[in-house]
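**Q** Submitted below is the structure of interest, expressed as structure tokens.
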Amino acid sequence: MAHAMFRPRRLREKPLLRKLIRETVLTVDDLIYPLFIVHGRGVREPIGSMPGQFRLSIDELVKDMKDVASMGIPGVLLFGLPAEKDPRGSEAYAEDGIVQQAVRAVKDVVPDLLVATDVCLCQYTSHGHCGVVEGGTVRNDPTLELLARVAVSHAEAGADMIAPSDMMDGRVGAIREALDEANFTDTPIMAYSAKYASSFYGPFRDAADSAPQFGDRRSYQMDPANSAEAMREIALDLDEGADIVMVKPAVAYLDVVRALRDAFDVPVAAYHVSGEYAMLKAAAQNGWLDGDAAALETLVAIKRAGADFVLTYLAREVAERLG
Ligand code: PBG
């Protein structure tokens, strides 16, 4: 006799049955909210290419951070826009730099909110590259020392986690060593390990004024065509002391998230980047899709691929709906 027909729809009929067998659950605990901080007071400047996101001065940031914490969002990732740029990005490692001041202010008012900081030079350098430029190229080893100074200055300001995004070789090791020497042995590193040279960073570069002034970032960020190489990058960063590894962007690289999840038994982050956010908002504003539903679907997909948590500009609006 033929087998009885298998009917997957049996488990789809009732909402509670669907809930019972759901494999991936998105909660507010899975979200980190990235923000852009500027000098000044009372600044809340909308970012044109990222509807719903703002450049905030520190006083405005602090107000928002109380909300973010009360929503249960575990943490934020801070990016700074300096008062002035120079070839070596010196505000990035200044004691009173914008991020250092912002971290102190946030930790003062909402000490329990996790504050992670992006460690890179591109917003701070006049040429817009993530490292020191000599003879028209981005030099790796001279950059490491500066990145280590940035990381230590963030830790001194009270940052809970250091997130290097520059993609220089050896930077995780250099930062770990510098943090340890400065007695920040307990400050974790979340490494942007598989960070691709992506056009999806376009809106971020408007927001942070960090576009390279010549050339592009393909000599240090990864080729979008590669995934085996991502595993080598991740292995290196772990070996150098990364505590959490990240794939960036997220949606166009879900296969890399999955490969990482399967190959390494470590915490995995994925960054739903500015361009991914902007596309979703643009389509929703045009009425071309249901933005709220698409936001949740996107974030669940990133978790389903294997991310433990997601860095996303959607964090606040989604947290409101996740309750
Ligand atoms: C800095 C940095 C970038 C992003 C995070 N850190 C931009 C870049 O590499 O050009 C992009 C984040 C986003 O697009 O949301 N290196």
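Every chain in the structure tokens takes a letter, A first, then B, and so on in the order presented; its residues are numbered from 1, and the ligands are numbered from 1 following the presented order.
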Given only C-alpha atoms and all ligand atoms, how would the per-residue table for chain A near ligand 1 read, listing every residue at most 7 Å away with its closest atom pair and distance in Å to one decimal, sorted by chain and number, as CSV?
**A**
residue,atom,partner,partner_atom_place_in_ligand_line,distance
A:Asp118,CA,ligand 1,6 (N),6.5
A:Cys120,CA,ligand 1,16 (N),5.5
A:Cys122,CA,ligand 1,16 (N),5.9
A:Cys130,CA,ligand 1,16 (N),6.1
A:Ser165,CA,ligand 1,16 (N),5.0
A:Asp166,CA,ligand 1,16 (N),5.1
A:Phe200,CA,ligand 1,14 (O),6.0
A:Tyr201,CA,ligand 1,14 (O),3.4
A:Gly202,CA,ligand 1,14 (O),6.4
A:Pro203,CA,ligand 1,14 (O),6.4
A:Phe204,CA,ligand 1,14 (O),4.5
A:Arg205,CA,ligand 1,7 (C),6.2
A:Ser210,CA,ligand 1,10 (O),6.7
A:Ala211,CA,ligand 1,10 (O),6.6
A:His272,CA,ligand 1,15 (O),6.8
A:Val273,CA,ligand 1,15 (O),3.5
A:Ser274,CA,ligand 1,15 (O),3.6
A:Gly275,CA,ligand 1,14 (O),6.0
**Q** Would you mind listing what lies within 12 Å of Glu95 (chain A) as a short mmCIF file (atom, residue, chain, number, x, y, z; two decimals) with N, CA and C atoms, in the first residue's frame, with only C-alpha atoms counted and same-chain residues fewer than 2 positions away left out?
**A**
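Okay, this is what ended up in result-v6.cif:
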data_model
loop_
_atom_site.label_atom_id
_atom_site.label_comp_id
_atom_site.auth_asym_id
_atom_site.auth_seq_id
_atom_site.Cartn_x
_atom_site.Cartn_y
_atom_site.Cartn_z
N SER A 90 43.52 62.09 13.66
CA SER A 90 43.90 62.17 15.07
C SER A 90 42.72 62.27 16.04
N GLU A 91 41.56 62.77 15.60
CA GLU A 91 40.46 62.81 16.57
C GLU A 91 39.98 61.40 16.96
N ALA A 92 40.28 60.44 16.12
CA ALA A 92 39.85 59.06 16.40
C ALA A 92 40.44 58.55 17.70
N TYR A 93 41.63 59.03 18.05
CA TYR A 93 42.27 58.55 19.29
C TYR A 93 42.53 59.69 20.28
N GLY A 97 37.85 63.15 21.99
CA GLY A 97 37.22 62.93 20.68
C GLY A 97 35.72 62.73 20.85
N ILE A 98 35.02 62.80 19.75
CA ILE A 98 33.56 62.75 19.82
C ILE A 98 33.06 61.42 20.40
N VAL A 99 33.65 60.32 20.00
CA VAL A 99 33.18 59.03 20.51
C VAL A 99 33.54 58.86 21.99
N GLN A 100 34.75 59.29 22.32
CA GLN A 100 35.18 59.17 23.73
C GLN A 100 34.23 59.96 24.63
N GLN A 101 33.87 61.18 24.20
CA GLN A 101 32.92 61.98 25.00
C GLN A 101 31.55 61.32 25.06
N ALA A 102 31.13 60.78 23.92
CA ALA A 102 29.79 60.17 23.86
C ALA A 102 29.72 58.94 24.77
N VAL A 103 30.76 58.14 24.75
CA VAL A 103 30.76 56.94 25.60
C VAL A 103 30.64 57.35 27.07
N ARG A 104 31.45 58.33 27.47
CA ARG A 104 31.40 58.76 28.87
C ARG A 104 29.99 59.23 29.24
N ARG A 149 45.66 52.64 19.45
CA ARG A 149 45.42 53.84 20.28
C ARG A 149 43.94 54.19 20.33
N VAL A 150 43.25 54.05 19.19
CA VAL A 150 41.81 54.31 19.16
C VAL A 150 41.11 53.39 20.16
N ALA A 151 41.45 52.10 20.07
CA ALA A 151 40.77 51.10 20.91
C ALA A 151 40.99 51.40 22.40
N VAL A 152 42.23 51.70 22.77
CA VAL A 152 42.52 51.96 24.18
C VAL A 152 41.78 53.23 24.64
N SER A 153 41.74 54.24 23.77
CA SER A 153 41.05 55.48 24.17
C SER A 153 39.55 55.24 24.36
N HIS A 154 38.98 54.34 23.59
CA HIS A 154 37.56 54.00 23.77
C HIS A 154 37.36 53.24 25.08
N ALA A 155 38.25 52.30 25.33
CA ALA A 155 38.14 51.52 26.57
C ALA A 155 38.30 52.45 27.78
N GLU A 156 39.23 53.38 27.69
CA GLU A 156 39.43 54.33 28.80
C GLU A 156 38.18 55.17 29.05
N ALA A 157 37.46 55.45 27.97
CA ALA A 157 36.22 56.23 28.12
C ALA A 157 35.09 55.38 28.70
N GLY A 158 35.28 54.06 28.71
CA GLY A 158 34.28 53.19 29.32
C GLY A 158 33.55 52.28 28.35
#
**Q** Just the residues within 12 Å of Met231 (chain A), please, counting only C-alpha atoms, with nothing from its chain fewer than 6 positions along; format it as a PDB file with all heavy atoms, in the first residue's frame.
**A**
ATOM      1  N   SER A 193      35.080  40.719  10.794  1.00  0.00           N
ATOM      2  CA  SER A 193      36.063  39.789  10.222  1.00  0.00           C
ATOM      3  C   SER A 193      35.859  39.587   8.731  1.00  0.00           C
ATOM      4  O   SER A 193      36.798  39.676   7.946  1.00  0.00           O
ATOM      5  CB  SER A 193      35.973  38.441  10.937  1.00  0.00           C
ATOM      6  OG  SER A 193      36.247  38.599  12.314  1.00  0.00           O
ATOM      7  N   ALA A 194      34.623  39.260   8.355  1.00  0.00           N
ATOM      8  CA  ALA A 194      34.307  39.105   6.932  1.00  0.00           C
ATOM      9  C   ALA A 194      33.583  40.366   6.497  1.00  0.00           C
ATOM     10  O   ALA A 194      32.357  40.427   6.416  1.00  0.00           O
ATOM     11  CB  ALA A 194      33.448  37.871   6.704  1.00  0.00           C
ATOM     12  N   LYS A 195      34.376  41.401   6.250  1.00  0.00           N
ATOM     13  CA  LYS A 195      33.802  42.680   5.813  1.00  0.00           C
ATOM     14  C   LYS A 195      34.129  42.877   4.345  1.00  0.00           C
ATOM     15  O   LYS A 195      35.303  42.950   3.963  1.00  0.00           O
ATOM     16  CB  LYS A 195      34.354  43.821   6.657  1.00  0.00           C
ATOM     17  CG  LYS A 195      33.850  45.180   6.180  1.00  0.00           C
ATOM     18  CD  LYS A 195      34.221  46.305   7.106  1.00  0.00           C
ATOM     19  CE  LYS A 195      33.755  47.634   6.526  1.00  0.00           C
ATOM     20  NZ  LYS A 195      34.070  48.761   7.395  1.00  0.00           N
ATOM     21  N   MET A 222      37.046  42.855   1.632  1.00  0.00           N
ATOM     22  CA  MET A 222      37.047  41.619   0.851  1.00  0.00           C
ATOM     23  C   MET A 222      36.272  41.714  -0.462  1.00  0.00           C
ATOM     24  O   MET A 222      35.301  42.448  -0.589  1.00  0.00           O
ATOM     25  CB  MET A 222      36.443  40.479   1.686  1.00  0.00           C
ATOM     26  CG  MET A 222      37.390  39.903   2.715  1.00  0.00           C
ATOM     27  SD  MET A 222      36.612  38.491   3.514  1.00  0.00           S
ATOM     28  CE  MET A 222      36.221  37.500   2.076  1.00  0.00           C
ATOM     29  N   ASP A 237      41.286  36.162  12.783  1.00  0.00           N
ATOM     30  CA  ASP A 237      40.813  37.067  13.837  1.00  0.00           C
ATOM     31  C   ASP A 237      40.613  36.318  15.148  1.00  0.00           C
ATOM     32  O   ASP A 237      40.921  36.836  16.230  1.00  0.00           O
ATOM     33  CB  ASP A 237      39.512  37.773  13.418  1.00  0.00           C
ATOM     34  CG  ASP A 237      39.780  38.912  12.433  1.00  0.00           C
ATOM     35  OD1 ASP A 237      40.960  39.144  12.106  1.00  0.00           O
ATOM     36  OD2 ASP A 237      38.806  39.558  11.991  1.00  0.00           O
ATOM     37  N   LEU A 238      40.104  35.097  15.058  1.00  0.00           N
ATOM     38  CA  LEU A 238      39.915  34.308  16.286  1.00  0.00           C
ATOM     39  C   LEU A 238      41.259  33.984  16.915  1.00  0.00           C
ATOM     40  O   LEU A 238      41.444  34.079  18.128  1.00  0.00           O
ATOM     41  CB  LEU A 238      39.125  33.029  15.980  1.00  0.00           C
ATOM     42  CG  LEU A 238      37.647  33.258  15.639  1.00  0.00           C
ATOM     43  CD1 LEU A 238      37.024  31.973  15.101  1.00  0.00           C
ATOM     44  CD2 LEU A 238      36.870  33.767  16.863  1.00  0.00           C
ATOM     45  N   VAL A 245      32.810  37.340  16.118  1.00  0.00           N
ATOM     46  CA  VAL A 245      33.172  37.655  14.737  1.00  0.00           C
ATOM     47  C   VAL A 245      31.925  38.070  13.957  1.00  0.00           C
ATOM     48  O   VAL A 245      30.819  37.609  14.235  1.00  0.00           O
ATOM     49  CB  VAL A 245      33.894  36.477  14.030  1.00  0.00           C
ATOM     50  CG1 VAL A 245      35.305  36.345  14.565  1.00  0.00           C
ATOM     51  CG2 VAL A 245      33.132  35.178  14.184  1.00  0.00           C
ATOM     52  N   MET A 246      32.134  38.946  12.984  1.00  0.00           N
ATOM     53  CA  MET A 246      31.003  39.546  12.284  1.00  0.00           C
ATOM     54  C   MET A 246      31.110  39.345  10.777  1.00  0.00           C
ATOM     55  O   MET A 246      32.217  39.336  10.222  1.00  0.00           O
ATOM     56  CB  MET A 246      30.978  41.049  12.577  1.00  0.00           C
ATOM     57  CG  MET A 246      29.712  41.763  12.107  1.00  0.00           C
ATOM     58  SD  MET A 246      29.995  43.525  11.882  1.00  0.00           S
ATOM     59  CE  MET A 246      30.353  44.042  13.537  1.00  0.00           C
ATOM     60  N   VAL A 247      29.946  39.195  10.159  1.00  0.00           N
ATOM     61  CA  VAL A 247      29.847  39.223   8.704  1.00  0.00           C
ATOM     62  C   VAL A 247      29.119  40.511   8.327  1.00  0.00           C
ATOM     63  O   VAL A 247      28.122  40.878   8.939  1.00  0.00           O
ATOM     64  CB  VAL A 247      29.063  38.005   8.162  1.00  0.00           C
ATOM     65  CG1 VAL A 247      28.866  38.108   6.655  1.00  0.00           C
ATOM     66  CG2 VAL A 247      29.764  36.712   8.541  1.00  0.00           C
ATOM     67  N   ASP A 255      24.934  33.316   3.037  1.00  0.00           N
ATOM     68  CA  ASP A 255      25.683  32.053   2.898  1.00  0.00           C
ATOM     69  C   ASP A 255      26.976  32.094   3.713  1.00  0.00           C
ATOM     70  O   ASP A 255      27.405  31.067   4.262  1.00  0.00           O
ATOM     71  CB  ASP A 255      25.997  31.781   1.414  1.00  0.00           C
ATOM     72  CG  ASP A 255      26.801  32.908   0.774  1.00  0.00           C
ATOM     73  OD1 ASP A 255      26.529  34.089   1.067  1.00  0.00           O
ATOM     74  OD2 ASP A 255      27.719  32.608  -0.004  1.00  0.00           O
ATOM     75  N   VAL A 256      27.572  33.283   3.808  1.00  0.00           N
ATOM     76  CA  VAL A 256      28.805  33.413   4.592  1.00  0.00           C
ATOM     77  C   VAL A 256      28.487  33.291   6.086  1.00  0.00           C
ATOM     78  O   VAL A 256      29.230  32.653   6.846  1.00  0.00           O
ATOM     79  CB  VAL A 256      29.517  34.747   4.275  1.00  0.00           C
ATOM     80  CG1 VAL A 256      30.791  34.895   5.096  1.00  0.00           C
ATOM     81  CG2 VAL A 256      29.826  34.849   2.784  1.00  0.00           C
ATOM     82  N   VAL A 257      27.360  33.868   6.492  1.00  0.00           N
ATOM     83  CA  VAL A 257      26.923  33.732   7.890  1.00  0.00           C
ATOM     84  C   VAL A 257      26.746  32.248   8.221  1.00  0.00           C
ATOM     85  O   VAL A 257      27.233  31.755   9.246  1.00  0.00           O
ATOM     86  CB  VAL A 257      25.602  34.491   8.144  1.00  0.00           C
ATOM     87  CG1 VAL A 257      25.096  34.242   9.569  1.00  0.00           C
ATOM     88  CG2 VAL A 257      25.769  35.987   7.900  1.00  0.00           C
ATOM     89  N   ARG A 258      26.091  31.530   7.333  1.00  0.00           N
ATOM     90  CA  ARG A 258      25.843  30.103   7.558  1.00  0.00           C
ATOM     91  C   ARG A 258      27.159  29.309   7.584  1.00  0.00           C
ATOM     92  O   ARG A 258      27.378  28.456   8.449  1.00  0.00           O
ATOM     93  CB  ARG A 258      24.883  29.578   6.478  1.00  0.00           C
ATOM     94  CG  ARG A 258      24.684  28.080   6.388  1.00  0.00           C
ATOM     95  CD  ARG A 258      24.410  27.379   7.702  1.00  0.00           C
ATOM     96  NE  ARG A 258      23.259  27.914   8.427  1.00  0.00           N
ATOM     97  CZ  ARG A 258      22.954  27.591   9.689  1.00  0.00           C
ATOM     98  NH1 ARG A 258      23.679  26.707  10.353  1.00  0.00           N
ATOM     99  NH2 ARG A 258      21.915  28.134  10.283  1.00  0.00           N
ATOM    100  N   ALA A 259      28.045  29.608   6.656  1.00  0.00           N
ATOM    101  CA  ALA A 259      29.319  28.880   6.608  1.00  0.00           C
ATOM    102  C   ALA A 259      30.107  29.117   7.892  1.00  0.00           C
ATOM    103  O   ALA A 259      30.706  28.192   8.454  1.00  0.00           O
ATOM    104  CB  ALA A 259      30.127  29.323   5.387  1.00  0.00           C
ATOM    105  N   LEU A 260      30.091  30.356   8.361  1.00  0.00           N
ATOM    106  CA  LEU A 260      30.777  30.699   9.614  1.00  0.00           C
ATOM    107  C   LEU A 260      30.153  29.931  10.775  1.00  0.00           C
ATOM    108  O   LEU A 260      30.869  29.312  11.582  1.00  0.00           O
ATOM    109  CB  LEU A 260      30.680  32.220   9.812  1.00  0.00           C
ATOM    110  CG  LEU A 260      30.832  32.807  11.214  1.00  0.00           C
ATOM    111  CD1 LEU A 260      32.122  32.385  11.868  1.00  0.00           C
ATOM    112  CD2 LEU A 260      30.780  34.341  11.148  1.00  0.00           C
ATOM    113  N   ARG A 261      28.821  29.960  10.840  1.00  0.00           N
ATOM    114  CA  ARG A 261      28.120  29.254  11.928  1.00  0.00           C
ATOM    115  C   ARG A 261      28.508  27.773  11.963  1.00  0.00           C
ATOM    116  O   ARG A 261      28.732  27.185  13.026  1.00  0.00           O
ATOM    117  CB  ARG A 261      26.610  29.431  11.716  1.00  0.00           C
ATOM    118  CG  ARG A 261      25.715  28.592  12.545  1.00  0.00           C
ATOM    119  CD  ARG A 261      25.468  29.176  13.940  1.00  0.00           C
ATOM    120  NE  ARG A 261      26.690  29.242  14.729  1.00  0.00           N
ATOM    121  CZ  ARG A 261      26.913  30.078  15.740  1.00  0.00           C
ATOM    122  NH1 ARG A 261      25.995  30.946  16.081  1.00  0.00           N
ATOM    123  NH2 ARG A 261      28.027  30.053  16.397  1.00  0.00           N
ATOM    124  N   ASP A 262      28.595  27.171  10.772  1.00  0.00           N
ATOM    125  CA  ASP A 262      28.888  25.737  10.696  1.00  0.00           C
ATOM    126  C   ASP A 262      30.355  25.420  10.976  1.00  0.00           C
ATOM    127  O   ASP A 262      30.678  24.349  11.472  1.00  0.00           O
ATOM    128  CB  ASP A 262      28.499  25.184   9.323  1.00  0.00           C
ATOM    129  CG  ASP A 262      26.987  25.137   9.135  1.00  0.00           C
ATOM    130  OD1 ASP A 262      26.258  25.248  10.152  1.00  0.00           O
ATOM    131  OD2 ASP A 262      26.528  24.998   7.979  1.00  0.00           O
ATOM    132  N   ALA A 263      31.248  26.347  10.636  1.00  0.00           N
ATOM    133  CA  ALA A 263      32.675  26.032  10.722  1.00  0.00           C
ATOM    134  C   ALA A 263      33.296  26.393  12.074  1.00  0.00           C
ATOM    135  O   ALA A 263      34.311  25.809  12.451  1.00  0.00           O
ATOM    136  CB  ALA A 263      33.436  26.762   9.607  1.00  0.00           C
ATOM    137  N   PHE A 264      32.703  27.365  12.783  1.00  0.00           N
ATOM    138  CA  PHE A 264      33.329  27.831  14.030  1.00  0.00           C
ATOM    139  C   PHE A 264      32.296  27.884  15.144  1.00  0.00           C
ATOM    140  O   PHE A 264      31.188  28.355  14.936  1.00  0.00           O
ATOM    141  CB  PHE A 264      33.915  29.236  13.848  1.00  0.00           C
ATOM    142  CG  PHE A 264      35.006  29.323  12.829  1.00  0.00           C
ATOM    143  CD1 PHE A 264      34.710  29.620  11.504  1.00  0.00           C
ATOM    144  CD2 PHE A 264      36.329  29.113  13.188  1.00  0.00           C
ATOM    145  CE1 PHE A 264      35.709  29.712  10.550  1.00  0.00           C
ATOM    146  CE2 PHE A 264      37.341  29.199  12.247  1.00  0.00           C
ATOM    147  CZ  PHE A 264      37.033  29.493  10.932  1.00  0.00           C
TER     148      PHE A 264
END
**Q** CA of Ala294 (chain A) to CA of Leu280 (chain A): how many Å, to one decimal?
**A**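 Between CA of Ala294 (chain A) and CA of Leu280 (chain A) the gap works out to 7.5 Å.
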**Q** Would you kindly return, as a list in words, each protein, DNA or RNA residue with an atom no farther than 10 Å from any atom of Leu236 (chain A), considering only C-alpha atoms and excluding same-chain residues fewer than 6 positions away?
**A** Asp169, Gly170, Val172, Gly173, Ser193, Ala230 and Ala242 of chain A
**Q** Return the single residue from A:Glu45, A:Ala148, A:Leu61, A:Ala269 that is closest to Glu181 (chain A), with distances computed using only C-alpha atoms.
**A**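 The closest residue to Glu181 (chain A) is A:Ala148.
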**Q** Find the residue from A:Ser70, A:Thr312, A:Ser49, A:Thr137 that sits nearest to Phe214 (chain A); use only C-alpha atoms when measuring.
**A** A:Thr137
**Q** Pick out the closest residue to Ala208 (chain A) from this set: A:Phe79, A:Asp29, A:Asp290, A:Ala252. Count only C-alpha atoms.
**A**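 Looking at the shortest contact to Ala208 (chain A), the residue is A:Phe79.
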**Q** Can you tell me, as a list in words, what residues are no more than 9 Å from Arg304 (chain A) when counting only C-alpha atoms, ignoring any on the same chain fewer than 3 positions away?
**A**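 The filter keeps Glu23, Thr24, Val25, Arg258, Leu299, Val300, Ala301 and Ala307 of chain A.
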**Q** For the residues in that selection, give me C-alpha atoms as a PDB file, in the first residue's frame.
**A**
ATOM      1  CA  GLU A  23      12.678  27.213  14.425  1.00  0.00           C
ATOM      2  CA  THR A  24      13.965  30.769  14.689  1.00  0.00           C
ATOM      3  CA  VAL A  25      12.736  33.380  17.101  1.00  0.00           C
ATOM      4  CA  ARG A 258      25.843  30.103   7.558  1.00  0.00           C
ATOM      5  CA  LEU A 299      16.005  40.080  10.601  1.00  0.00           C
ATOM      6  CA  VAL A 300      14.585  36.582  11.134  1.00  0.00           C
ATOM      7  CA  ALA A 301      16.354  35.484   7.945  1.00  0.00           C
ATOM      8  CA  ALA A 307      23.699  34.953  13.437  1.00  0.00           C
TER       9      ALA A 307
END
